[in-house]
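Have a look at the structure below, then the notes.
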Amino acid sequence: MSRKRETNPAPGGGQRLPLLPLKDAVVFPHMVVPLLVGRPASLAAVEESVTSEQPLFLCTQQDPNAEEPAANDMYRIGVAANILQTLRMPDGTLKVVVEGLGRGKIEQFCLGEGVAQVVVKQMRSQSENEQDLKGLMRLTLNLFGEYARLSQRIAPEILMAVENMDDADVLADTMCAYLSLRVDERQQLLEMISVNARLERIAAVLMRENELMEIEKTVRERVREQMERSQRDHYLHEQLKVIHQELGNRDEAGDEFSEIKGMIAKAKMPKEVREKAEKEYTRYERMPLMSPEASVIRTYLEWLCEMPWDKRSKDEIDLKEAKRMLDEDHYGLEKVKERILEFLAVRKLSKGVRGPILCLVGAPGVGKTSLGASVARAMKRKFVRVSLGGVRDEAEIRGHRRTYIGALPGRIVQSMKKAGVKNPVFLLDEVDKMSIDFRGDPSSALLEVLDPQQNKHFSDHYLEVEFDLSEVFFIATANDETEIPYALHDRMEVVRLPGYTQHEKEEIARGFLIPAQIKTSGLKKRHLEVLPEALDTIIQRYTREAGVRELERQLANVCRKIARKVSEGEKKRHAIDETTVYALLGPPIYSAIRSETVPRTGVAVGLAWTQSGGDILLIETSTMKGKGKLSLTGRLGEVMKESAEAAYTFIRAHAKELGVSPDFYKNLDLHVHVPEGAIPKDGPSAGVALIASMLSALTQKAPKSPLAMTGEITLLGRVLPVGGIKEKVMAAHRSGLRHVVLPRENEKDFPDIPQEIRKDFTFTLVDEVSDALAAVFG
């Protein structure tokens, strides 16, 4: 049924009109809108409007789910509309085309039986400042044009019609009808009587919508580009695959899936690992090749297949040959070589022995790292080295979990893959330099690696399967044993490498360093000869170290300078003596080790151990008038200060037996000084020298002959053993001393002293302070 009639004017105040509630729509004045009516009450209202030729009042429900809305369920402000056309649909509903006439406000509801009606009061739009209104119209028109361009939902003819509107009220309502807004926002715009306010609100909505559509457009274009690129890559890969197949370049064996499957079959994995690999391979087969997850799984499978699950180096153990190789590469280090040869002997007799875990502790430059390579050469095994200095992330040891982008196995697994066998010599360099932070404790992760009972089942976070490290020969190195965590230290067999003695440095220089530097500098043996006195000067005056790195640098410096002279045309043979060393290397860096050749009152010669070897200490004591104050200078540590206090207390307690006035502390102050005050000194081993120096100053008696002494003292007068005897005796020998007072319990250290040095000395072994003082003063 359709009918067309002239548009009725807007209803006047208090006019009764049929009511048509709208579930989820808001109709604006001046707009023609189709509506679908299906509820009985709504159909009755439409019939009443058509029959009575009255406008229909349209208002929106606050709750769209209410089928029979009450007065409280509807907004009070709506639109009076003329019915232009009706059409009965096959399912019984009615399609109604209405034209909005004007706003109205419900004054009263008449919702009884029959047709629902309301008493409506007309609401007229109001406009304010004309200039503001024109500006708002121009702004909203521009924004609406941009909205139409971005949304692509508004036909060009509608946009043209809107742009030609002169009436601000009609313009605002027309724009509202074409905006995609929520019902509550549309209702707010309908309720605005002020045209200026309505246009301002429309402008704000248009700005918001335009900005959102710009963002949406940018994202859409980015996604489209990515999809097009992915589709293009996939298309090209498929084309390339077909071309290779046509050319016969790729057969079944070269296919990607067949390649991975073949790698799994050849890897000789343990059963559990093979099951894991096959499970991941099944996932990989079902994924598109261009999928990021497929790339991650392929990388994981390649790592599993390339690990040395069943590959070993065959040990060819010849103890004599191994000893020759170790001696060829390193001079001295007898205890370390002995321990390595013991392991090789056990390995030769028992094939099932677990790999040992040695920790070589020593000062820089004594040959810890190079010793690991020599062990591998002697055993004919592969050698891998991992530097742990500065490592502070647990994942460096155990690896990252595969959930992270760019995840990789830890350094242990990476090095095992690099070695290609499961029984290499594995050097963990600088284990004392690891640190702890928020990412974990790498030293704790090493506990499993270095525990012979656990490393058979080492688990890396990336591999997620167990790997057997029990056949690996682990060698760790460290400079400071105290910096190694206790739990880690407990799992290793510590072998301490002492610093090289003067004699050993000379032998290393002649046998290894000088020939190597002559060759490196391009010289021949006929060009250069380093005399013993020159080598002794370089070692004592230009180096001060336990190892030989600085010695090697100084020898390289000498060789470079001689190489320059040879290059400039000098043909003579250069014999390097002490004078030549000073001319080539400049002023000495260190002062020579010297002692008191003539005994002096208040001066005693002590012996000290340092990381660079042994040294002598000249301990000086002076007395002055005072009240018994004891002053200690020379940058002494706490332990050495306590030794001095113990010596002072012993003298006070035994003053009479020692020939000192019992009341000396009442009128004399003692000042003990150890020269070279910039160098820190500490330890208990200077106790004997301290008491001898103090007693010499108090009795004004000098020691009977130039001698050196070392030993810790107690308040009861006992002399306790100390460490570093070999290095201390070597220092005394270099300084020209030939008599040393030692604790009796240090007699066990004599075998460590080279025979050629030991035969030059007179050793006085003491148990009590009185014995030591008798040896010093006679």
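Letters A, B, ... mark the chains of the structure tokens in the order given; residue numbers begin at 1 per chain; ligand numbers begin at 1, in order shown.
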
>> Need the shell around Glu272 in chain A: protein/DNA/RNA residues with any atom at most 9 Å away, counting only C-alpha atoms. Skip same-chain ones fewer than 5 positions apart. Format as a ChimeraX atom specification?
In response: /A:277,465-466

> Excluding same-chain residues fewer than 3 positions from Gly332 in chain A, what lies within 10 Å of it counting only C-alpha atoms, as a list of chain:residue names?
Replying inline: A:Leu326, A:Asp327, A:Lys335, A:Val336, A:Lys337, A:Leu497, A:Tyr500, A:Thr501, A:Glu504, A:Lys505, A:Glu507, A:Ile508

> Which residues in range 659-744 of chain A does DSSP call helix (DSSP H, G or I)? List them as a PyMOL selection string.
Replying inline: chain A and resi 664-667+687-699+725-734+744

Written file, previous selection with C-alpha atoms, as a PDB file, in the first residue's frame:
ATOM      1  CA  PHE A 664     111.585   1.169  77.945  1.00  0.00           C
ATOM      2  CA  TYR A 665     107.960   1.624  76.926  1.00  0.00           C
ATOM      3  CA  LYS A 666     107.554   4.439  79.487  1.00  0.00           C
ATOM      4  CA  ASN A 667     110.081   6.791  77.921  1.00  0.00           C
ATOM      5  CA  GLY A 687     106.888 -11.428  62.205  1.00  0.00           C
ATOM      6  CA  VAL A 688     110.477 -12.627  62.790  1.00  0.00           C
ATOM      7  CA  ALA A 689     111.946  -9.718  60.817  1.00  0.00           C
ATOM      8  CA  LEU A 690     109.779  -7.206  62.723  1.00  0.00           C
ATOM      9  CA  ILE A 691     110.881  -8.455  66.146  1.00  0.00           C
ATOM     10  CA  ALA A 692     114.537  -8.531  65.019  1.00  0.00           C
ATOM     11  CA  SER A 693     114.334  -4.942  63.735  1.00  0.00           C
ATOM     12  CA  MET A 694     112.669  -3.647  66.934  1.00  0.00           C
ATOM     13  CA  LEU A 695     115.144  -5.483  69.205  1.00  0.00           C
ATOM     14  CA  SER A 696     118.096  -4.194  67.182  1.00  0.00           C
ATOM     15  CA  ALA A 697     116.909  -0.610  67.620  1.00  0.00           C
ATOM     16  CA  LEU A 698     116.222  -1.045  71.350  1.00  0.00           C
ATOM     17  CA  THR A 699     119.576  -2.762  72.110  1.00  0.00           C
ATOM     18  CA  ILE A 725     109.343 -20.367  50.390  1.00  0.00           C
ATOM     19  CA  LYS A 726     110.612 -21.105  46.880  1.00  0.00           C
ATOM     20  CA  GLU A 727     109.952 -17.561  45.643  1.00  0.00           C
ATOM     21  CA  LYS A 728     111.359 -15.977  48.825  1.00  0.00           C
ATOM     22  CA  VAL A 729     114.602 -17.941  48.676  1.00  0.00           C
ATOM     23  CA  MET A 730     114.966 -17.036  44.992  1.00  0.00           C
ATOM     24  CA  ALA A 731     114.554 -13.335  45.877  1.00  0.00           C
ATOM     25  CA  ALA A 732     117.232 -13.633  48.592  1.00  0.00           C
ATOM     26  CA  HIS A 733     119.561 -15.299  46.087  1.00  0.00           C
ATOM     27  CA  ARG A 734     119.051 -12.500  43.516  1.00  0.00           C
ATOM     28  CA  ARG A 744     111.425 -25.533  60.893  1.00  0.00           C
TER      29      ARG A 744
END

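Nearest residue to Phe474 in chain A, choosing from A:Arg510, A:Lys422, A:Lys261, A:Arg738 and counting only C-alpha atoms: A:Lys422.
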
> DSSP says strand (DSSP E) for which residues of range 389-613 of chain A? Put them as number ranges by chain?
Replying inline: A: 425-429, 458-459, 466-467, 473-478, 493-497, 528-530, 574-576, 603-610, 613

>> Residues near Ile77 in chain A, anyone? I mean within 9 Å using only C-alpha atoms, not counting same-chain ones fewer than 6 positions away, as a PyMOL selection string.
In response: chain A and resi 58-60+103-106+123+187+190-191

May I have the residues from that selection written out with N, CA and C atoms, as a PDB file, in the first residue's frame?
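The file below, selection25.pdb, is the result:
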ATOM      1  N   LEU A  58       8.047   9.747  16.112  1.00  0.00           N
ATOM      2  CA  LEU A  58       9.099   8.732  16.229  1.00  0.00           C
ATOM      3  C   LEU A  58      10.025   9.094  17.388  1.00  0.00           C
ATOM      4  N   CYS A  59      10.160   8.192  18.331  1.00  0.00           N
ATOM      5  CA  CYS A  59      11.135   8.395  19.411  1.00  0.00           C
ATOM      6  C   CYS A  59      11.900   7.095  19.645  1.00  0.00           C
ATOM      7  N   THR A  60      13.089   7.205  20.174  1.00  0.00           N
ATOM      8  CA  THR A  60      14.004   6.065  20.314  1.00  0.00           C
ATOM      9  C   THR A  60      13.915   5.465  21.710  1.00  0.00           C
ATOM     10  N   ARG A 103      11.375  18.628  15.339  1.00  0.00           N
ATOM     11  CA  ARG A 103      11.565  18.065  16.666  1.00  0.00           C
ATOM     12  C   ARG A 103      10.324  18.298  17.508  1.00  0.00           C
ATOM     13  N   GLY A 104      10.129  17.386  18.444  1.00  0.00           N
ATOM     14  CA  GLY A 104       9.035  17.537  19.389  1.00  0.00           C
ATOM     15  C   GLY A 104       9.405  16.883  20.704  1.00  0.00           C
ATOM     16  N   LYS A 105       8.762  17.369  21.762  1.00  0.00           N
ATOM     17  CA  LYS A 105       9.027  16.828  23.098  1.00  0.00           C
ATOM     18  C   LYS A 105       7.745  16.248  23.654  1.00  0.00           C
ATOM     19  N   ILE A 106       7.815  15.027  24.160  1.00  0.00           N
ATOM     20  CA  ILE A 106       6.633  14.347  24.695  1.00  0.00           C
ATOM     21  C   ILE A 106       6.240  14.994  26.023  1.00  0.00           C
ATOM     22  N   MET A 123       9.380  21.686  19.206  1.00  0.00           N
ATOM     23  CA  MET A 123      10.613  22.345  19.629  1.00  0.00           C
ATOM     24  C   MET A 123      11.263  22.970  18.398  1.00  0.00           C
ATOM     25  N   GLN A 187      21.202  10.628  19.544  1.00  0.00           N
ATOM     26  CA  GLN A 187      20.119  11.193  20.353  1.00  0.00           C
ATOM     27  C   GLN A 187      20.544  12.534  20.959  1.00  0.00           C
ATOM     28  N   LEU A 190      20.200  15.105  18.360  1.00  0.00           N
ATOM     29  CA  LEU A 190      18.779  15.420  18.125  1.00  0.00           C
ATOM     30  C   LEU A 190      18.242  16.348  19.197  1.00  0.00           C
ATOM     31  N   GLU A 191      18.702  16.206  20.430  1.00  0.00           N
ATOM     32  CA  GLU A 191      18.189  16.993  21.538  1.00  0.00           C
ATOM     33  C   GLU A 191      18.766  18.403  21.601  1.00  0.00           C
TER      34      GLU A 191
END

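Computed from the coordinates, the CA of Ser313 in chain A to CA of Asn423 in chain A distance equals 6.5 Å.
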
>> Applying 7 Å and only C-alpha atoms, which residues near His461 in chain A remain after dropping the ones on its own chain fewer than 5 positions away? List them as a list in words.
In response: Arg398, Gly399, His400 and Arg401 of chain A

Take the residues just selected and output them with N, CA and C atoms as a short mmCIF file (atom, residue, chain, number, x, y, z; two decimals), in the first residue's frame.
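Okay, this is what ended up in again02.cif:
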data_model
loop_
_atom_site.label_atom_id
_atom_site.label_comp_id
_atom_site.auth_asym_id
_atom_site.auth_seq_id
_atom_site.Cartn_x
_atom_site.Cartn_y
_atom_site.Cartn_z
N ARG A 398 73.43 -21.81 29.62
CA ARG A 398 72.35 -22.77 29.37
C ARG A 398 71.55 -22.48 28.10
N GLY A 399 71.76 -21.32 27.48
CA GLY A 399 71.00 -21.00 26.27
C GLY A 399 69.67 -20.33 26.59
N HIS A 400 69.00 -19.83 25.52
CA HIS A 400 67.70 -19.18 25.65
C HIS A 400 66.60 -20.17 25.26
N ARG A 401 65.45 -20.00 25.84
CA ARG A 401 64.31 -20.83 25.46
C ARG A 401 63.83 -20.41 24.06
#

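Distances from A:Met379, A:Leu535, A:Ala563, A:Val46 to Gln517 in chain A were compared using only C-alpha atoms, and the smallest one belongs to A:Ala563.
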
> Leaving out Val50 in chain A and any residue of its chain fewer than 5 positions from it, which residues lie within 9 Å of it when counting only C-alpha atoms, given as a PyMOL selection string?
Replying inline: chain A and resi 3+45+55-56+83

Next, the residues of the selection above should be written as a PDB file, in the first residue's frame with N, CA, C and O atoms.
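Everything below was put into out.pdb:
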ATOM      1  N   ARG A   3       0.926   5.674  -0.645  1.00  0.00           N
ATOM      2  CA  ARG A   3       0.095   6.851  -0.725  1.00  0.00           C
ATOM      3  C   ARG A   3       0.992   8.073  -0.628  1.00  0.00           C
ATOM      4  O   ARG A   3       1.958   8.096   0.121  1.00  0.00           O
ATOM      5  N   ALA A  45      -0.026   1.894  15.179  1.00  0.00           N
ATOM      6  CA  ALA A  45       0.267   3.325  15.121  1.00  0.00           C
ATOM      7  C   ALA A  45       0.400   3.798  13.679  1.00  0.00           C
ATOM      8  O   ALA A  45      -0.064   4.888  13.303  1.00  0.00           O
ATOM      9  N   PRO A  55       0.566  13.191  11.333  1.00  0.00           N
ATOM     10  CA  PRO A  55       1.969  12.784  11.410  1.00  0.00           C
ATOM     11  C   PRO A  55       2.153  11.680  12.458  1.00  0.00           C
ATOM     12  O   PRO A  55       1.356  11.554  13.396  1.00  0.00           O
ATOM     13  N   LEU A  56       3.187  10.918  12.294  1.00  0.00           N
ATOM     14  CA  LEU A  56       3.591   9.848  13.224  1.00  0.00           C
ATOM     15  C   LEU A  56       4.745  10.381  14.073  1.00  0.00           C
ATOM     16  O   LEU A  56       5.673  10.999  13.560  1.00  0.00           O
ATOM     17  N   ILE A  83       4.289   9.890   6.747  1.00  0.00           N
ATOM     18  CA  ILE A  83       4.457   8.619   6.051  1.00  0.00           C
ATOM     19  C   ILE A  83       4.295   8.876   4.568  1.00  0.00           C
ATOM     20  O   ILE A  83       3.233   9.320   4.112  1.00  0.00           O
TER      21      ILE A  83
END

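Shell of range 211-227 of chain A at 9 Å, with only C-alpha atoms counted and residues fewer than 6 places along the chain excluded, is Tyr147, Leu150 and Ser151 of chain A.
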
Keeping N, CA, C and O atoms for every residue in the selection just given, could you write it to a file as a PDB file, in the first residue's frame?
ATOM      1  N   TYR A 147      35.349  13.647   5.425  1.00  0.00           N
ATOM      2  CA  TYR A 147      34.734  12.416   5.923  1.00  0.00           C
ATOM      3  C   TYR A 147      34.194  11.569   4.772  1.00  0.00           C
ATOM      4  O   TYR A 147      34.379  10.347   4.732  1.00  0.00           O
ATOM      5  N   LEU A 150      37.168   9.937   2.890  1.00  0.00           N
ATOM      6  CA  LEU A 150      37.832   8.845   3.594  1.00  0.00           C
ATOM      7  C   LEU A 150      36.931   7.623   3.767  1.00  0.00           C
ATOM      8  O   LEU A 150      37.382   6.490   3.666  1.00  0.00           O
ATOM      9  N   SER A 151      35.652   7.862   4.057  1.00  0.00           N
ATOM     10  CA  SER A 151      34.756   6.742   4.352  1.00  0.00           C
ATOM     11  C   SER A 151      34.240   6.041   3.095  1.00  0.00           C
ATOM     12  O   SER A 151      33.916   4.848   3.148  1.00  0.00           O
TER      13      SER A 151
END

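Between CA of Leu408 in chain A and CA of Pro452 in chain A the interatomic distance comes to 25.2 Å.
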
> Counting only C-alpha atoms, which of A:Met434, A:Thr482, A:Val366, A:Gly602 gets nearest to Glu550 in chain A?
Replying inline: A:Val366

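Put simply, CA of Gly406 in chain A is 23.0 Å away from CA of His234 in chain A.
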
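Nearest residue to Ala646 in chain A, choosing from A:Arg541, A:Arg76, A:Lys525, A:Arg718 and counting only C-alpha atoms: A:Arg718.
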